[in-house]
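With PDB, C-alpha atoms inside, this is data18.pdb:
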```
ATOM      1  CA  MET C   1      87.297  79.971 118.818
ATOM      2  CA  LYS C   2      85.553  82.894 117.173
ATOM      3  CA  SER C   3      88.072  85.331 115.774
ATOM      4  CA  ASN C   4      86.823  88.795 116.592
ATOM      5  CA  GLU C   5      88.562  92.001 117.562
ATOM      6  CA  GLU C   6      88.526  91.343 121.295
ATOM      7  CA  SER C   7      89.832  87.787 121.152
ATOM      8  CA  LEU C   8      92.534  88.561 118.571
ATOM      9  CA  ARG C   9      93.644  91.626 120.484
ATOM     10  CA  GLY C  10      93.886  89.594 123.693
ATOM     11  CA  LEU C  11      95.868  86.870 121.941
ATOM     12  CA  MET C  12      98.224  89.464 120.499
ATOM     13  CA  GLN C  13      98.823  91.011 123.883
ATOM     14  CA  LEU C  14      99.626  87.582 125.344
ATOM     15  CA  ALA C  15     101.865  86.762 122.371
ATOM     16  CA  GLN C  16     103.814  89.970 122.911
ATOM     17  CA  LYS C  17     104.421  88.832 126.483
ATOM     18  CA  GLY C  18     105.861  85.526 125.234
ATOM     19  CA  ASP C  19     102.864  83.175 125.485
ATOM     20  CA  LYS C  20     103.621  80.606 122.775
ATOM     21  CA  ALA C  21     100.201  78.934 122.885
ATOM     22  CA  ALA C  22      98.475  82.286 122.459
ATOM     23  CA  TYR C  23     100.834  83.147 119.611
ATOM     24  CA  SER C  24     100.081  79.864 117.842
ATOM     25  CA  THR C  25      96.341  80.427 118.225
ATOM     26  CA  LEU C  26      96.733  84.023 117.063
ATOM     27  CA  LEU C  27      98.521  82.928 113.879
ATOM     28  CA  THR C  28      95.869  80.281 113.172
ATOM     29  CA  GLU C  29      92.977  82.689 113.676
ATOM     30  CA  ALA C  30      94.709  85.529 111.847
ATOM     31  CA  GLY C  31      95.392  83.121 108.972
ATOM     32  CA  ARG C  32      91.682  82.307 108.738
ATOM     33  CA  TRP C  33      90.792  85.999 108.791
ATOM     34  CA  LEU C  34      93.392  86.745 106.112
ATOM     35  CA  SER C  35      92.090  83.939 103.902
ATOM     36  CA  ARG C  36      88.637  85.519 103.966
ATOM     37  CA  PHE C  37      90.155  88.968 103.401
ATOM     38  CA  TYR C  38      92.155  87.846 100.345
ATOM     39  CA  ALA C  39      89.387  85.659  98.902
ATOM     40  CA  GLN C  40      87.720  88.767  97.533
ATOM     41  CA  LYS C  41      90.933  90.229  96.142
ATOM     42  CA  ILE C  42      93.089  87.580  94.459
ATOM     43  CA  ALA C  43      92.913  84.259  92.662
ATOM     44  CA  ALA C  44      92.170  81.293  94.918
ATOM     45  CA  HIS C  45      95.443  79.538  94.107
ATOM     46  CA  GLU C  46      97.456  82.515  95.432
ATOM     47  CA  ILE C  47      95.675  82.938  98.766
ATOM     48  CA  ASP C  48      97.766  80.504 100.829
ATOM     49  CA  ASP C  49     101.060  82.031  99.714
ATOM     50  CA  LEU C  50      99.861  85.546 100.421
ATOM     51  CA  VAL C  51      98.488  84.532 103.827
ATOM     52  CA  GLN C  52     101.893  83.034 104.697
ATOM     53  CA  ASP C  53     103.718  86.174 103.496
ATOM     54  CA  THR C  54     101.411  88.293 105.616
ATOM     55  CA  LEU C  55     101.847  86.113 108.695
ATOM     56  CA  MET C  56     105.620  86.416 108.266
ATOM     57  CA  SER C  57     105.195  90.204 108.212
ATOM     58  CA  VAL C  58     103.045  90.006 111.335
ATOM     59  CA  HIS C  59     105.838  88.002 112.999
ATOM     60  CA  ARG C  60     108.445  90.599 111.990
ATOM     61  CA  LYS C  61     106.196  93.470 113.161
ATOM     62  CA  LEU C  62     105.064  91.819 116.395
ATOM     63  CA  SER C  63     106.821  94.364 118.570
ATOM     64  CA  SER C  64     105.376  97.311 116.616
ATOM     65  CA  TYR C  65     101.801  96.528 117.630
ATOM     66  CA  ASP C  66     100.434  98.971 120.187
ATOM     67  CA  PRO C  67      98.223  96.995 122.628
ATOM     68  CA  SER C  68      96.114 100.074 123.339
ATOM     69  CA  ARG C  69      94.941 100.116 119.702
ATOM     70  CA  PRO C  70      92.595  97.721 117.837
ATOM     71  CA  PHE C  71      94.228  94.637 116.339
ATOM     72  CA  LEU C  72      92.218  94.046 113.142
ATOM     73  CA  PRO C  73      92.971  97.439 111.530
ATOM     74  CA  TRP C  74      96.677  96.803 112.231
ATOM     75  CA  LEU C  75      96.425  93.353 110.641
ATOM     76  CA  ALA C  76      94.401  94.730 107.714
ATOM     77  CA  ALA C  77      97.050  97.388 107.037
ATOM     78  CA  ILE C  78      99.782  94.760 106.886
ATOM     79  CA  ALA C  79      97.555  92.580 104.678
ATOM     80  CA  ARG C  80      96.896  95.459 102.315
ATOM     81  CA  PHE C  81     100.618  96.217 101.959
ATOM     82  CA  ARG C  82     101.373  92.542 101.237
ATOM     83  CA  TRP C  83      98.529  92.442  98.711
ATOM     84  CA  VAL C  84      99.763  95.576  96.908
ATOM     85  CA  ASP C  85     103.309  94.177  96.860
ATOM     86  CA  ARG C  86     101.971  90.975  95.291
ATOM     87  CA  LEU C  87     100.054  92.952  92.655
ATOM     88  CA  ARG C  88     103.135  95.002  91.779
ATOM     89  CA  LYS C  89     105.252  91.889  91.475
ATOM     90  CA  THR C  90     102.641  90.074  89.378
ATOM     91  CA  TYR C  91     101.965  92.940  86.991
ATOM     92  CA  LYS C  92     105.623  93.842  86.640
ATOM     93  CA  HIS C  93     106.363  90.245  85.672
ATOM     94  CA  GLU C  94     103.412  90.077  83.259
ATOM     95  CA  ALA C  95     104.302  93.411  81.649
ATOM     96  CA  SER C  96     107.891  92.342  81.043
ATOM     97  CA  ALA C  97     106.654  89.110  79.467
ATOM     98  CA  LEU C  98     104.580  90.971  76.882
ATOM     99  CA  ASP C  99     105.989  91.556  73.415
ATOM    100  CA  PHE C 100     105.187  95.026  72.161
ATOM    101  CA  ASP C 101     106.412  94.550  68.596
ATOM    102  CA  VAL C 102     103.826  96.632  66.721
ATOM    103  CA  ALA C 103     104.998  95.527  63.286
ATOM    104  CA  GLU C 104     104.431  91.882  64.163
ATOM    105  CA  ASP C 105     101.161  92.283  66.048
ATOM    106  CA  GLY C 106      99.655  94.875  63.747
ATOM    107  CA  HIS C 107      99.137  98.522  64.429
ATOM    108  CA  GLU C 108      95.364  98.832  64.265
ATOM    109  CA  ASP C 109      94.967  99.127  68.051
ATOM    110  CA  VAL C 110      97.714 101.751  68.292
ATOM    111  CA  VAL C 111      96.173 103.808  65.500
ATOM    112  CA  GLY C 112      92.713 103.460  67.042
ATOM    113  CA  ALA C 113      93.989 104.619  70.416
ATOM    114  CA  LYS C 114      95.775 107.598  68.828
ATOM    115  CA  ILE C 115      92.579 108.601  67.014
ATOM    116  CA  SER C 116      90.574 108.293  70.244
ATOM    117  CA  ILE C 117      93.053 110.426  72.184
ATOM    118  CA  ASP C 118      93.189 113.045  69.429
ATOM    119  CA  ARG C 119      89.371 113.134  69.283
ATOM    120  CA  LEU C 120      89.119 113.600  73.060
ATOM    121  CA  LEU C 121      91.830 116.263  73.145
ATOM    122  CA  GLY C 122      90.057 118.037  70.272
ATOM    123  CA  GLN C 123      87.131 118.647  72.618
ATOM    124  CA  LEU C 124      89.310 120.624  75.033
ATOM    125  CA  PRO C 125      90.450 124.233  74.763
ATOM    126  CA  GLU C 126      93.704 124.316  72.765
ATOM    127  CA  ASN C 127      95.886 125.525  75.677
ATOM    128  CA  GLN C 128      94.700 122.591  77.839
ATOM    129  CA  ALA C 129      95.059 120.018  75.068
ATOM    130  CA  GLU C 130      98.566 121.242  74.240
ATOM    131  CA  VAL C 131      99.904 121.013  77.797
ATOM    132  CA  ILE C 132      98.339 117.581  78.283
ATOM    133  CA  ARG C 133      99.972 116.350  75.058
ATOM    134  CA  LEU C 134     103.351 117.723  76.113
ATOM    135  CA  THR C 135     103.344 116.648  79.777
ATOM    136  CA  LYS C 136     101.248 113.489  79.902
ATOM    137  CA  ILE C 137     101.730 111.973  76.444
ATOM    138  CA  GLU C 138     105.173 113.129  75.341
ATOM    139  CA  GLY C 139     106.570 113.165  78.886
ATOM    140  CA  HIS C 140     107.989 116.686  79.022
ATOM    141  CA  SER C 141     108.500 118.365  82.375
ATOM    142  CA  VAL C 142     106.429 121.339  83.464
ATOM    143  CA  SER C 143     109.369 123.703  82.898
ATOM    144  CA  GLU C 144     109.963 122.300  79.388
ATOM    145  CA  THR C 145     106.259 122.722  78.663
ATOM    146  CA  CYS C 146     106.449 126.330  79.903
ATOM    147  CA  ALA C 147     109.304 127.037  77.487
ATOM    148  CA  ARG C 148     107.415 125.506  74.558
ATOM    149  CA  THR C 149     104.034 127.112  75.235
ATOM    150  CA  GLY C 150     104.947 130.418  76.855
ATOM    151  CA  GLN C 151     102.656 129.649  79.785
ATOM    152  CA  SER C 152     103.769 130.085  83.393
ATOM    153  CA  GLU C 153     104.367 127.000  85.539
ATOM    154  CA  SER C 154     101.219 127.593  87.561
ATOM    155  CA  LEU C 155      99.160 128.045  84.391
ATOM    156  CA  VAL C 156     100.537 124.825  82.920
ATOM    157  CA  LYS C 157      99.629 122.949  86.104
ATOM    158  CA  VAL C 158      96.144 124.483  86.202
ATOM    159  CA  ASN C 159      95.546 123.701  82.507
ATOM    160  CA  VAL C 160      96.685 120.102  82.958
ATOM    161  CA  HIS C 161      94.450 119.667  85.991
ATOM    162  CA  ARG C 162      91.391 121.264  84.374
ATOM    163  CA  GLY C 163      91.977 119.447  81.091
ATOM    164  CA  LEU C 164      92.283 116.044  82.752
ATOM    165  CA  LYS C 165      89.157 116.760  84.750
ATOM    166  CA  LYS C 166      87.257 117.569  81.532
ATOM    167  CA  LEU C 167      88.676 114.476  79.826
ATOM    168  CA  SER C 168      87.519 112.353  82.728
ATOM    169  CA  ALA C 169      84.019 113.797  82.449
ATOM    170  CA  LEU C 170      84.001 113.220  78.679
ATOM    171  CA  ILE C 171      85.090 109.604  79.072
ATOM    172  CA  GLU C 172      82.484 108.956  81.771
ATOM    173  CA  SER C 173      79.737 110.443  79.598
ATOM    174  CA  GLU C 174      80.671 108.122  76.736
TER
END
```
Translate this file's structure into structure tokens.
Amino acid sequence: MKSNEESLRGLMQLAQKGDKAAYSTLLTEAGRWLSRFYAQKIAAHEIDDLVQDTLMSVHRKLSSYDPSRPFLPWLAAIARFRWVDRLRKTYKHEASALDFDVAEDGHEDVVGAKISIDRLLGQLPENQAEVIRLTKIEGHSVSETCARTGQSESLVKVNVHRGLKKLSALIESE
């Protein structure tokens, strides 16, 4: 069977009506489609697990499918959510496994990054650089930044936006 929009949509409609054979075929064909979808996005050894997770989500969401709408975009949306969940889980685990002890690892990279940030911020107007330092680097709120700089909330937001836009352009040009 060729898994295309029409055939998968028809199988889904039959599966929603209780046709077990159609549901089995749907899961097989959807699994093949998902394998191709994930092959471009994740490591090969993780594809089967992610396909199974996605098919479980399809099973749980079976009744939410609207038969008057295309099937593949619905499946792709579920697949994307499962993929993003997997990425979050993977990177959260990897980040917690890292040891950020600067004294042990050396501080050259940290110093280099600080110099690079200071150099980039030095190319911005002072009011933009200051609000970016306070809000984005030091983590102060907009209202705290207003109190420190004397700028209004809207001006702080505008300066952050314009400054980040200029920084982005500077980084791209380098």
**Q.** Distance of CA of Ala22 in chain C from CA of Asn4 in chain C, expressed in Å to one decimal place
**A.** 14.6 Å
Q | Shell around range 136-145 of chain C at 12 Å using all atoms listed in the file, local window under 6 positions removed, as an NGL selection string | A | :C and (114 or 117-118 or 121 or 127-130 or 151-161 or 163-164)
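Against this structure, the PyMOL selection byres ((chain C and resi 30) around 9) ends up with C:Ser3, C:Leu8, C:Thr25, C:Leu26, C:Leu27, C:Thr28, C:Glu29, C:Gly31, C:Arg32, C:Trp33, C:Leu34, C:Ser35, C:Val51, C:Leu55, C:Leu72, C:Leu75.
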Where's the centre, and what are the edge lengths in Å to one decimal, of a box along x, y and z enclosing all listed atoms of range 127-141 of chain C padded 3 Å per side, as AutoDock Vina command-line options?
```
--center_x 101.6 --center_y 118.7 --center_z 78.3 --size_x 19.8 --size_y 19.6 --size_z 14.1
```
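Rounded to one decimal, CA of Ala39 in chain C and CA of Ser64 in chain C lie 26.6 Å from each other.
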Q: Name the residues that the PyMOL selection byres ((chain C and resi 61) around 12) pulls out of this structure, and write them as a VMD selection string.
A: chain C and resid 12 16 54 to 60 62 to 66 74 to 75 77 to 78
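Between Tyr38 in chain C and the candidates C:Ser24, C:Leu134, C:Cys146, C:Ala76, the tightest atom-to-atom separation, counting all atoms listed in the file, involves C:Ala76.
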**Q.** Residue nearest Glu5 in chain C - candidates C:Glu172, C:Glu126, C:Arg88, C:Pro67, atoms counted: only C-alpha atoms
**A.**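 Closest to Glu5 in chain C, using only C-alpha atoms: C:Pro67.
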